[in-house]
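Engineer: coords.txt is the file, holding compact mmCIF, C-alpha atoms and all ligand atoms:
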```txt
# COMPACT_ATOMS: atom_id res chain seq x y z
CA MET A 1 58.67 -16.84 37.20
CA ARG A 2 59.78 -20.40 37.97
CA GLY A 3 59.30 -21.27 34.34
CA LEU A 4 62.19 -19.00 33.45
CA LEU A 5 64.69 -21.38 35.05
CA SER A 6 65.72 -23.26 31.94
CA PHE A 7 65.98 -20.05 29.93
CA GLY A 8 68.20 -18.57 32.63
CA ARG A 9 70.52 -21.54 32.62
CA GLY A 10 71.13 -20.97 28.95
CA LEU A 11 72.69 -17.62 29.79
CA HIS A 12 75.59 -19.28 31.50
CA THR A 13 76.49 -21.72 28.80
CA LEU A 14 77.59 -19.20 26.24
CA SER A 15 78.71 -20.89 23.08
CA ASN A 16 80.95 -18.06 21.97
CA ARG A 17 83.62 -20.24 20.43
CA GLN A 18 81.08 -21.76 18.07
CA ALA A 19 79.65 -18.35 17.25
CA ARG A 20 83.13 -16.97 16.58
CA ARG A 21 83.84 -19.81 14.19
CA LYS A 22 80.60 -19.13 12.31
CA ALA A 23 81.49 -15.45 12.11
CA GLY A 24 84.85 -16.31 10.60
CA ILE A 25 86.88 -15.21 13.63
CA VAL A 26 89.28 -17.99 14.52
CA GLY A 27 91.99 -18.35 17.11
CA SER A 28 91.03 -15.52 19.43
CA GLN A 29 89.57 -15.46 22.92
CA CYS A 30 85.84 -15.96 23.52
CA GLY A 31 83.46 -12.98 23.64
CA PHE A 32 82.17 -12.73 27.19
CA CYS A 33 84.20 -15.11 29.27
CA GLY A 34 87.70 -13.76 28.79
CA THR A 35 89.61 -11.82 31.42
CA GLN A 36 89.10 -8.12 31.00
CA SER A 37 92.22 -6.01 30.91
CA ASN A 38 92.04 -3.19 33.41
CA SER A 39 93.51 -0.79 30.87
CA LYS A 40 90.42 -1.02 28.65
CA PRO A 41 87.54 1.37 29.20
CA GLN A 42 84.59 -0.31 30.90
CA PRO A 43 81.04 0.51 29.82
CA ASN A 44 78.21 1.45 32.15
CA PHE A 45 75.65 1.20 29.37
CA GLY A 46 74.20 -1.51 27.15
CA LEU A 47 72.66 -1.59 23.69
CA LEU A 48 69.43 -3.18 22.46
CA PHE A 49 69.26 -3.56 18.69
CA ASP A 50 66.15 -4.19 16.68
CA ILE A 51 66.99 -6.25 13.57
CA ASP A 52 64.57 -5.66 10.65
CA GLY A 53 64.90 -2.13 9.31
CA VAL A 54 67.98 -1.47 11.48
CA LEU A 55 70.50 -4.16 10.55
CA VAL A 56 68.75 -5.80 7.59
CA ARG A 57 65.99 -5.17 5.06
CA GLY A 58 64.54 -8.60 4.33
CA ARG A 59 67.64 -10.65 3.58
CA MET A 60 69.76 -7.68 2.57
CA PRO A 61 72.15 -6.26 5.16
CA ILE A 62 71.93 -2.50 5.66
CA PRO A 63 75.45 -1.20 4.87
CA ALA A 64 75.63 0.91 8.03
CA ALA A 65 75.18 -2.22 10.18
CA LYS A 66 78.62 -3.59 9.41
CA ARG A 67 80.21 -0.21 10.07
CA ALA A 68 78.38 0.03 13.38
CA PHE A 69 79.54 -3.38 14.54
CA GLU A 70 83.14 -2.73 13.58
CA LYS A 71 83.01 -0.05 16.28
CA LEU A 72 81.44 -2.41 18.80
CA VAL A 73 84.10 -5.14 18.80
CA ASP A 74 87.81 -5.00 19.54
CA SER A 75 90.62 -6.51 17.49
CA LYS A 76 89.92 -9.92 19.05
CA GLY A 77 86.25 -9.83 18.07
CA GLN A 78 85.11 -9.20 21.65
CA PHE A 79 82.25 -6.79 22.24
CA VAL A 80 83.38 -3.61 23.99
CA VAL A 81 79.87 -3.00 25.40
CA PRO A 82 77.01 -5.40 26.25
CA VAL A 83 74.78 -5.94 23.22
CA VAL A 84 71.47 -7.77 22.77
CA PHE A 85 69.22 -8.17 19.77
CA VAL A 86 65.52 -7.78 20.46
CA THR A 87 63.36 -8.84 17.57
CA ASN A 88 59.66 -9.41 17.19
CA ALA A 89 60.39 -12.12 14.68
CA GLY A 90 59.19 -15.49 15.87
CA ASN A 91 59.59 -17.89 12.97
CA CYS A 92 62.90 -19.48 13.99
CA LEU A 93 64.99 -20.60 16.96
CA ARG A 94 67.27 -18.16 18.80
CA GLN A 95 70.34 -20.08 17.65
CA THR A 96 69.27 -19.75 14.01
CA LYS A 97 68.86 -16.00 14.39
CA ALA A 98 72.25 -15.75 16.15
CA ASP A 99 73.91 -17.63 13.28
CA GLN A 100 72.26 -15.34 10.70
CA LEU A 101 73.43 -12.25 12.57
CA SER A 102 76.98 -13.57 12.94
CA HIS A 103 77.09 -14.09 9.19
CA ILE A 104 75.59 -10.70 8.32
CA LEU A 105 77.57 -8.61 10.79
CA GLY A 106 80.85 -10.53 10.68
CA VAL A 107 81.06 -10.65 14.48
CA PRO A 108 80.29 -13.61 16.77
CA ILE A 109 76.76 -13.51 18.16
CA THR A 110 75.52 -16.13 20.63
CA GLN A 111 71.91 -17.19 21.15
CA ASP A 112 72.12 -15.66 24.63
CA GLN A 113 72.26 -12.26 22.97
CA VAL A 114 68.99 -12.83 21.10
CA ILE A 115 65.46 -12.27 22.37
CA MET A 116 62.71 -13.42 20.04
CA SER A 117 59.10 -12.38 20.53
CA HIS A 118 58.26 -15.87 21.80
CA SER A 119 61.08 -16.12 24.36
CA PRO A 120 58.85 -15.19 27.36
CA LEU A 121 56.66 -18.25 26.66
CA ARG A 122 59.16 -20.22 28.76
CA MET A 123 57.51 -18.58 31.75
CA PHE A 124 54.08 -20.00 31.02
CA LYS A 125 54.79 -23.38 32.53
CA LYS A 126 51.19 -24.08 33.40
CA TYR A 127 50.57 -24.65 29.68
CA HIS A 128 53.68 -26.71 28.97
CA GLU A 129 51.93 -30.06 29.51
CA LYS A 130 48.58 -28.99 28.04
CA CYS A 131 47.54 -29.57 24.44
CA VAL A 132 48.29 -26.31 22.63
CA LEU A 133 47.50 -25.31 19.06
CA VAL A 134 50.28 -23.28 17.42
CA SER A 135 49.80 -20.87 14.53
CA GLY A 136 52.57 -19.27 12.49
CA GLN A 137 55.11 -20.31 9.90
CA GLY A 138 58.53 -21.91 9.95
CA PRO A 139 59.36 -24.74 12.38
CA VAL A 140 56.52 -23.92 14.80
CA LEU A 141 56.45 -27.40 16.37
CA GLU A 142 60.20 -27.31 17.01
CA ILE A 143 60.03 -23.77 18.41
CA ALA A 144 57.20 -24.73 20.75
CA LYS A 145 59.07 -27.82 21.92
CA ASN A 146 62.22 -25.76 22.46
CA LEU A 147 60.20 -23.37 24.62
CA GLY A 148 59.02 -26.23 26.85
CA PHE A 149 55.67 -27.23 25.33
CA ASN A 150 55.30 -30.99 25.19
CA ASN A 151 51.85 -31.49 23.68
CA VAL A 152 51.57 -29.43 20.52
CA VAL A 153 49.38 -29.57 17.42
CA SER A 154 49.77 -27.40 14.35
CA ILE A 155 47.16 -25.90 12.05
CA ASP A 156 48.34 -28.29 9.31
CA MET A 157 47.80 -31.30 11.59
CA LEU A 158 44.24 -30.18 12.36
CA ARG A 159 43.56 -29.44 8.71
CA GLU A 160 44.61 -32.96 7.73
CA SER A 161 42.42 -34.48 10.42
CA TYR A 162 39.42 -32.28 9.65
CA PRO A 163 39.62 -31.64 5.88
CA LEU A 164 36.07 -30.29 5.64
CA LEU A 165 36.89 -27.21 7.67
CA ASP A 166 39.21 -25.31 5.33
CA MET A 167 36.97 -24.33 2.42
CA VAL A 168 38.03 -20.85 1.27
CA ASP A 169 40.44 -21.99 -1.45
CA HIS A 170 38.29 -23.97 -3.88
CA ASN A 171 41.34 -25.74 -5.28
CA ARG A 172 42.26 -27.13 -1.86
CA ARG A 173 38.79 -28.36 -0.94
CA PRO A 174 38.54 -32.14 -0.57
CA LYS A 175 37.10 -33.92 -3.61
CA LEU A 176 34.98 -36.24 -1.50
CA PRO A 177 33.52 -35.88 1.98
CA SER A 178 35.88 -37.42 4.46
CA SER A 179 35.91 -38.02 8.18
CA ALA A 180 38.52 -37.25 10.75
CA VAL A 181 41.64 -39.39 10.30
CA VAL A 182 43.47 -38.69 13.54
CA ILE A 183 41.75 -37.93 16.81
CA HIS A 184 43.63 -35.16 18.56
CA PRO A 185 43.24 -34.46 22.25
CA LYS A 186 41.06 -31.49 23.08
CA VAL A 187 42.99 -28.28 22.50
CA GLU A 188 43.38 -26.34 25.75
CA ALA A 189 45.18 -23.18 24.63
CA VAL A 190 46.21 -21.40 21.44
CA ILE A 191 49.62 -19.88 20.73
CA LEU A 192 49.94 -17.36 17.92
CA PHE A 193 53.65 -17.16 17.03
CA GLY A 194 53.45 -14.97 13.94
CA GLU A 195 51.71 -14.40 10.65
CA PRO A 196 50.90 -17.66 8.83
CA VAL A 197 51.25 -18.32 5.10
CA ARG A 198 47.59 -19.10 4.37
CA TRP A 199 45.74 -16.56 6.45
CA GLU A 200 42.28 -17.84 5.54
CA THR A 201 43.14 -21.34 6.77
CA ASN A 202 44.55 -20.19 10.11
CA LEU A 203 41.78 -17.64 10.70
CA GLN A 204 39.15 -20.31 10.03
CA LEU A 205 40.71 -23.01 12.21
CA VAL A 206 41.67 -20.73 15.11
CA ILE A 207 38.10 -19.37 15.15
CA ASP A 208 36.79 -22.96 14.98
CA ILE A 209 38.96 -23.99 17.94
CA LEU A 210 37.88 -20.96 20.00
CA LEU A 211 34.17 -21.43 19.25
CA THR A 212 34.17 -25.20 19.87
CA ASN A 213 36.17 -24.86 23.08
CA GLY A 214 38.99 -26.90 21.59
CA ASN A 215 36.92 -29.79 20.18
CA LEU A 216 36.56 -29.68 16.39
CA ASN A 217 34.04 -32.51 16.46
CA GLY A 218 31.65 -30.07 18.09
CA VAL A 219 29.73 -27.15 16.62
CA HIS A 220 30.25 -23.43 17.17
CA GLN A 221 28.99 -22.14 20.49
CA THR A 222 28.75 -18.37 20.65
CA GLN A 223 27.00 -18.10 24.02
CA ASN A 224 28.38 -16.12 26.86
CA ARG A 225 31.45 -18.01 28.01
CA PRO A 226 35.17 -17.26 28.06
CA HIS A 227 37.14 -18.65 25.13
CA LEU A 228 40.32 -20.73 25.43
CA PRO A 229 43.48 -18.95 26.62
CA LEU A 230 45.20 -17.14 23.76
CA LEU A 231 48.97 -16.50 24.08
CA THR A 232 50.21 -14.12 21.42
CA CYS A 233 53.68 -13.10 20.22
CA ASN A 234 54.56 -10.17 18.00
CA MET A 235 52.01 -7.41 17.64
CA ASP A 236 53.78 -5.57 14.78
CA LEU A 237 51.15 -4.27 12.38
CA MET A 238 53.80 -3.87 9.67
CA TRP A 239 57.49 -4.42 9.09
CA MET A 240 60.06 -3.32 6.57
CA ALA A 241 61.46 -5.75 3.98
CA GLU A 242 63.08 -5.00 0.61
CA ALA A 243 59.96 -3.29 -0.80
CA ASN A 244 59.59 0.48 -0.68
CA SER A 245 56.62 0.37 1.67
CA PRO A 246 56.02 -1.66 4.87
CA ARG A 247 54.60 -5.20 4.68
CA PHE A 248 51.84 -6.85 6.73
CA GLY A 249 53.03 -8.17 10.05
CA HIS A 250 51.41 -10.39 12.66
CA GLY A 251 49.56 -7.38 14.05
CA THR A 252 47.57 -7.23 10.82
CA PHE A 253 46.66 -10.88 11.20
CA LEU A 254 45.50 -10.14 14.76
CA VAL A 255 43.30 -7.28 13.51
CA CYS A 256 41.59 -9.80 11.21
CA LEU A 257 41.18 -12.39 13.97
CA GLU A 258 39.87 -9.86 16.52
CA ASN A 259 37.32 -8.47 14.08
CA ILE A 260 36.10 -11.83 12.82
CA TYR A 261 35.65 -13.06 16.40
CA LYS A 262 33.78 -9.92 17.36
CA LYS A 263 31.59 -10.01 14.26
CA ILE A 264 30.59 -13.63 14.91
CA THR A 265 30.14 -13.52 18.70
CA GLY A 266 29.54 -9.85 19.42
CA LYS A 267 32.31 -10.03 22.03
CA GLU A 268 35.91 -8.91 22.26
CA LEU A 269 38.67 -11.44 21.71
CA LYS A 270 40.74 -11.60 24.89
CA TYR A 271 44.46 -12.29 25.20
CA GLU A 272 45.91 -14.20 28.11
CA ALA A 273 49.29 -12.65 27.23
CA LEU A 274 50.80 -10.39 24.56
CA MET A 275 54.56 -10.79 24.07
CA GLY A 276 57.30 -9.07 22.08
CA LYS A 277 58.00 -5.38 21.81
CA PRO A 278 56.54 -3.10 23.11
CA SER A 279 55.62 -5.32 26.07
CA GLU A 280 57.58 -4.42 29.21
CA LEU A 281 58.43 -8.04 29.92
CA THR A 282 60.59 -8.17 26.79
CA TYR A 283 62.70 -5.27 28.08
CA HIS A 284 63.10 -6.89 31.50
CA PHE A 285 64.64 -9.88 29.68
CA ALA A 286 66.91 -7.62 27.66
CA GLU A 287 68.13 -5.74 30.74
CA TYR A 288 68.86 -9.02 32.49
CA LEU A 289 70.83 -10.37 29.51
CA ILE A 290 72.85 -7.16 29.28
CA ARG A 291 73.65 -7.26 32.99
CA SER A 292 74.68 -10.92 32.67
CA GLN A 293 77.09 -10.09 29.85
CA ALA A 294 78.71 -7.34 31.92
CA MET A 295 79.12 -9.76 34.82
CA GLU A 296 80.61 -12.43 32.57
CA ARG A 297 83.17 -9.93 31.35
CA GLN A 298 83.88 -8.88 34.94
CA TRP A 299 83.18 -5.27 34.13
CA LYS A 300 82.99 -3.54 37.45
CA LEU A 301 80.75 -0.60 36.56
CA PRO A 302 77.02 -1.21 36.99
CA ILE A 303 75.00 -0.95 33.79
CA THR A 304 72.87 2.09 34.48
CA SER A 305 71.90 3.26 30.97
CA LEU A 306 70.26 1.34 28.16
CA TYR A 307 69.87 2.48 24.58
CA ALA A 308 67.25 0.84 22.36
CA ILE A 309 67.84 1.36 18.64
CA GLY A 310 64.92 0.67 16.32
CA ASP A 311 63.00 1.77 13.25
CA ASN A 312 59.43 1.43 14.43
CA LEU A 313 57.70 4.09 16.53
CA MET A 314 54.99 1.76 17.78
CA THR A 315 57.26 -1.09 18.86
CA ASP A 316 60.87 0.01 19.39
CA ILE A 317 60.29 3.58 20.53
CA TYR A 318 57.03 2.96 22.41
CA GLY A 319 58.53 -0.11 24.15
CA ALA A 320 61.79 1.63 25.13
CA ASN A 321 59.93 4.67 26.44
CA LEU A 322 57.45 2.51 28.32
CA TYR A 323 60.31 0.64 30.01
CA ASN A 324 62.09 3.93 30.69
CA ARG A 325 58.93 5.18 32.39
CA TYR A 326 58.96 2.05 34.58
CA LEU A 327 62.66 2.58 35.47
CA GLU A 328 62.12 6.25 36.31
CA GLU A 329 59.08 5.49 38.43
CA ARG A 330 61.00 2.79 40.26
CA LEU A 331 63.89 5.17 40.89
CA ARG A 332 61.48 7.82 42.15
CA GLN A 333 59.72 5.46 44.52
CA ASN A 334 62.72 3.60 45.89
CA PRO A 335 66.08 5.24 45.16
CA LYS A 336 67.87 3.28 47.89
CA ALA A 337 66.91 -0.12 46.43
CA VAL A 338 68.07 0.97 42.97
CA ALA A 339 71.43 2.17 44.33
CA LYS A 340 71.87 -1.11 46.20
CA MET A 341 71.15 -3.13 43.07
CA ALA A 342 73.57 -1.06 41.01
CA ALA A 343 76.29 -1.54 43.60
CA ALA A 344 75.69 -5.31 43.68
CA THR A 345 75.85 -5.52 39.89
CA GLY A 346 79.25 -3.87 39.88
CA SER A 347 80.67 -6.59 42.10
CA THR A 348 82.98 -9.05 40.37
CA THR A 349 81.60 -11.87 42.49
CA ALA A 350 78.07 -11.44 41.20
CA VAL A 351 78.11 -14.04 38.40
CA PRO A 352 75.32 -16.41 39.44
CA GLN A 353 75.65 -20.17 39.73
CA ASP A 354 73.02 -22.53 38.30
CA GLU A 355 71.56 -23.40 41.69
CA ASP A 356 70.96 -19.71 42.41
CA ILE A 357 69.13 -18.97 39.20
CA ASP A 358 65.76 -20.22 40.36
CA ASN A 359 65.67 -17.36 42.83
CA LEU A 360 67.42 -14.96 40.49
CA TRP A 361 64.62 -14.81 37.96
CA GLU A 362 62.20 -13.70 40.59
CA SER A 363 64.53 -11.20 42.21
CA GLU A 364 66.72 -9.94 39.38
CA LEU A 365 64.12 -9.46 36.67
CA ALA A 366 62.27 -7.26 39.10
CA LEU A 367 65.43 -5.44 40.16
CA PRO A 368 67.23 -3.96 37.18
CA SER A 369 70.43 -1.96 37.73
CA ALA A 370 69.48 0.30 34.82
CA THR A 371 67.89 3.62 35.63
CA SER A 372 67.12 4.76 32.09
CA CYS A 373 66.29 3.32 28.67
CA LYS A 374 66.74 5.84 25.89
CA SER A 375 65.12 5.35 22.49
CA VAL A 376 67.01 5.97 19.25
CA LEU A 377 65.06 5.98 15.97
CA VAL A 378 66.80 5.17 12.68
CA CYS A 379 65.51 6.12 9.22
CA THR A 380 66.46 2.90 7.39
CA GLY A 381 63.23 1.01 8.06
CA VAL A 382 59.53 1.56 8.76
CA TYR A 383 59.93 5.16 9.92
CA ASN A 384 59.84 7.57 7.03
CA PRO A 385 60.98 11.10 7.91
CA ASN A 386 59.54 12.36 4.62
CA ALA A 387 56.03 10.95 5.08
CA GLU A 388 53.22 13.41 4.56
CA VAL A 389 51.68 14.69 7.76
CA PRO A 390 47.94 15.45 7.61
CA SER A 391 47.04 19.04 8.38
CA ASP A 392 44.83 17.99 11.30
CA ALA A 393 47.25 16.90 14.03
CA ASN A 394 44.55 15.03 15.94
CA ARG A 395 43.74 12.98 12.89
CA SER A 396 47.43 12.42 12.30
CA ILE A 397 47.90 10.80 15.70
CA LYS A 398 44.75 8.73 15.70
CA GLU A 399 44.66 7.53 12.12
CA THR A 400 48.16 7.76 10.79
CA VAL A 401 50.60 7.26 13.62
CA PHE A 402 48.97 4.85 16.01
CA HIS A 403 49.68 1.42 14.61
CA GLY A 404 49.95 -0.14 18.04
CA HIS A 405 47.94 -3.11 19.22
CA ARG A 406 44.30 -2.72 20.28
CA ASP A 407 45.18 -3.44 23.92
CA PHE A 408 47.96 -0.83 24.18
CA ARG A 409 46.88 2.66 25.10
CA PHE A 410 48.04 5.42 22.83
CA ASP A 411 50.20 8.00 24.58
CA PRO A 412 51.90 10.62 22.38
CA LEU A 413 54.85 10.83 24.78
CA LEU A 414 55.64 7.15 24.31
CA VAL A 415 56.12 7.48 20.54
CA GLU A 416 58.50 10.41 20.90
CA PRO A 417 62.05 9.15 20.19
CA GLY A 418 64.90 10.32 22.39
CA HIS A 419 67.07 10.75 19.28
CA ILE A 420 66.56 10.44 15.52
CA VAL A 421 69.58 9.45 13.40
CA GLN A 422 70.03 8.36 9.83
CA ASP A 423 71.24 4.81 10.48
CA VAL A 424 72.63 2.42 13.04
CA ALA A 425 76.26 3.54 12.54
CA GLU A 426 75.22 7.08 13.42
CA ALA A 427 73.34 5.71 16.40
CA VAL A 428 76.46 4.02 17.78
CA ASP A 429 78.52 7.20 17.25
CA LEU A 430 75.89 9.26 19.05
CA ILE A 431 75.71 6.87 22.00
CA PHE A 432 79.50 6.68 22.39
CA GLU A 433 79.58 10.47 22.33
CA GLN A 434 76.77 10.77 24.88
CA GLU A 435 78.50 8.29 27.17
CA LYS A 436 81.97 9.76 26.50
CA PHE A 437 83.04 6.22 25.69
CA VAL A 438 86.16 5.77 23.60
CA PRO A 439 86.90 2.11 22.91
CA LYS A 440 90.57 1.22 22.50
MG MG B 501 62.24 -3.12 12.91
```
Would you kindly transcribe this structure into structure tokens?
Structural biologist:
Amino acid sequence: MRGLLSFGRGLHTLSNRQARRKAGIVGSQCGFCGTQSNSKPQPNFGLLFDIDGVLVRGRMPIPAAKRAFEKLVDSKGQFVVPVVFVTNAGNCLRQTKADQLSHILGVPITQDQVIMSHSPLRMFKKYHEKCVLVSGQGPVLEIAKNLGFNNVVSIDMLRESYPLLDMVDHNRRPKLPSSAVVIHPKVEAVILFGEPVRWETNLQLVIDILLTNGNLNGVHQTQNRPHLPLLTCNMDLMWMAEANSPRFGHGTFLVCLENIYKKITGKELKYEALMGKPSELTYHFAEYLIRSQAMERQWKLPITSLYAIGDNLMTDIYGANLYNRYLEERLRQNPKAVAKMAAATGSTTAVPQDEDIDNLWESELALPSATSCKSVLVCTGVYNPNAEVPSDANRSIKETVFHGHRDFRFDPLLVEPGHIVQDVAEAVDLIFEQEKFVPK
């Protein structure tokens, strides 16, 4: 958990003024560091928003998103409840995503409100100085560097150095045999950020790296030995863009990689870590960010309820329900510790200082004040309420519904949403009603 230190520090340098400017809100007080008037209602709940299929479809904003966020900010552009955005996207920096959201929603969003699927990689400090191969698209080298990795090679860099390896596309094959032009250090771990552009190239070179133990000058070895550590973000099989039907996500790429590896070696591909929704770690981050926002605003009530709004049963709903199960189990086993944490969170003196954060990550991530995480499913994305259901319910669950990752166990209770609403504006109305919260 030590590796979380730098990420934690970022929470306390909120660049709200900048975000407000980008959102077109000028001349008013900053979002989370202003003094809270006692006359305003104070929330004891926080909201986790998925982005694709909830707020946007591809690049197009979903109309209900703007209506929803008009309800979530006051006349000064300040949020009236803690809000975080939890996305499995991984092809840009948190600041870039915050800027996009500010523009789309017309309210100021800071990077400290955004959790990308790769954010937990800050924890994996033992790999930060090792040579890691990164796969994905977008500014993968910059993202890796921003996460703390100092010795990074990309698929494109390897392809340039070893041009004889990528042979699927006949038009991109080298005209003449060539030798390696740059000698890279031996790769010691592989990070899969998200789906690449040229799947055949990345599948080939990732398999090559795994089977040569990181040395592309060598030949494939398929004997019985563990492969290099594989750190993977975003398990979404599909996602919803502008098209009528869902599009391939990184989970589909992983299905290809897992099956190719197994076909060649006869063994299962193993993951050192799987990040992004529905992994529990992602929700621990979200809960911590929500609690930090409440503390910054000096809201005295502890944040006891979380609501996760999403469009995907296998990521948003499964993840929220899995985290809720953890919170309920924790409450059942140790109600006194939970009450103590909730009381501490409500204290106005609880805003942590930088020097305390090293300890905080270890203690606070493990000690949420929340006691429930309710899932809310919207119908503007992947989930289709009108989809045909096969007559055999068993087949329906196994073949139609379960799009989760290979390493996540299917449990019908975890894909059961707490609420189903039409869109995100309805979701906000429902939550305010449930919480009897009337913002002024
Ligand atoms: Mg989504």
Engineer: Quick one: pull the distance between atom CA of A:Ala320 and atom CA of A:Phe408, Å, one decimal.
Structural biologist: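 Atom CA of A:Phe408 lies 14.1 Å from atom CA of A:Ala320.
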Engineer: Can you pull out every residue with an atom within 6 Å of ligand MG 501 (chain B)? Use only C-alpha atoms and all ligand atoms and format it as a list in words.
Structural biologist: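 Residues satisfying the distance criterion: Asp50, Ile51, Asp52, Gly53, Gly310, Asp311 and Asn312 of chain A.
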Engineer: Where does stretch 59-145 of chain A meet stretch 298-303 of chain A within 12 Å, residue by residue, with the nearest atom pair and distance in Å to one decimal for each, counting only C-alpha atoms, listed by chain and rising number, as JSON lines?
Structural biologist:
```
{"residue": "A:Val80", "atom": "CA", "partner": "A:Trp299", "partner_atom": "CA", "distance": 10.3}
{"residue": "A:Val81", "atom": "CA", "partner": "A:Trp299", "partner_atom": "CA", "distance": 9.6}
{"residue": "A:Pro82", "atom": "CA", "partner": "A:Ile303", "partner_atom": "CA", "distance": 9.0}
{"residue": "A:Val83", "atom": "CA", "partner": "A:Ile303", "partner_atom": "CA", "distance": 11.7}
```
Engineer: I'd like the interatomic distance between atom CA of A:Gly404 and atom CA of A:Lys374, to a tenth of an Å.
Structural biologist: 19.5 Å
Engineer: List the neighbours of A:Val140 out to 8 Å using only C-alpha atoms; skip same-chain residues closer than 3 positions along the sequence, and give me the result as a PyMOL selection string.
Structural biologist: chain A and resi 91-92+134-137+143-144+154+193
Engineer: Please dump the current selection as an mmCIF file, keeping the file's coordinate frame; keep C-alpha atoms.
Structural biologist:
```cif
data_model
loop_
_atom_site.group_PDB
_atom_site.id
_atom_site.type_symbol
_atom_site.label_atom_id
_atom_site.label_comp_id
_atom_site.auth_asym_id
_atom_site.auth_seq_id
_atom_site.Cartn_x
_atom_site.Cartn_y
_atom_site.Cartn_z
ATOM 1 C CA ASN A 91 59.590 -17.890 12.970
ATOM 2 C CA CYS A 92 62.900 -19.480 13.990
ATOM 3 C CA VAL A 134 50.280 -23.280 17.420
ATOM 4 C CA SER A 135 49.800 -20.870 14.530
ATOM 5 C CA GLY A 136 52.570 -19.270 12.490
ATOM 6 C CA GLN A 137 55.110 -20.310 9.900
ATOM 7 C CA ILE A 143 60.030 -23.770 18.410
ATOM 8 C CA ALA A 144 57.200 -24.730 20.750
ATOM 9 C CA SER A 154 49.770 -27.400 14.350
ATOM 10 C CA PHE A 193 53.650 -17.160 17.030
#
```
Engineer: Which of these residues is nearest to A:Ala294, using only C-alpha atoms: A:Asn321, A:Ser369, A:Thr252, A:Thr380?
Structural biologist: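 Counting only C-alpha atoms, the residue closest to A:Ala294 is A:Ser369.
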Engineer: Pick from A:Leu105, A:His128, A:Asp407, A:Asn386: nearest to A:Glu70, with all atoms listed in the file counted?
Structural biologist: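 Using all atoms listed in the file, A:Glu70 sits closest to A:Leu105.
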Engineer: With distances taken over only C-alpha atoms, which residue among A:Met157, A:Cys233, A:Val187, A:Ile264 lies nearest A:Thr212?
Structural biologist: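 For A:Thr212, the nearest of the candidates is A:Val187.
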Engineer: I'd like the interatomic distance between atom CA of A:Pro41 and atom CA of A:Leu306, to a tenth of an Å.
Structural biologist: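 Between these atoms lies a distance of 17.3 Å.
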Engineer: Counting all atoms listed in the file, figure out which residue out of A:Asp156, A:Glu287, A:Asp316, A:Glu195 gets nearest to A:Phe45.
Structural biologist: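 Under the stated criterion, the closest residue is A:Glu287.
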Engineer: Which is closer to A:Pro246 than all the others in A:Pro412, A:Gly381, A:Pro108, A:Pro43, using only C-alpha atoms?
Structural biologist: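 Between A:Pro412, A:Gly381, A:Pro108, A:Pro43, the residue approaching A:Pro246 most closely is A:Gly381.
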Engineer: Of the candidates A:Arg330, A:His118, A:Arg67, A:Ile62, which shows the shortest atom-to-atom distance to A:Val428, using all atoms listed in the file?
Structural biologist: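 That would be A:Arg67, the residue with the smallest distance to A:Val428.
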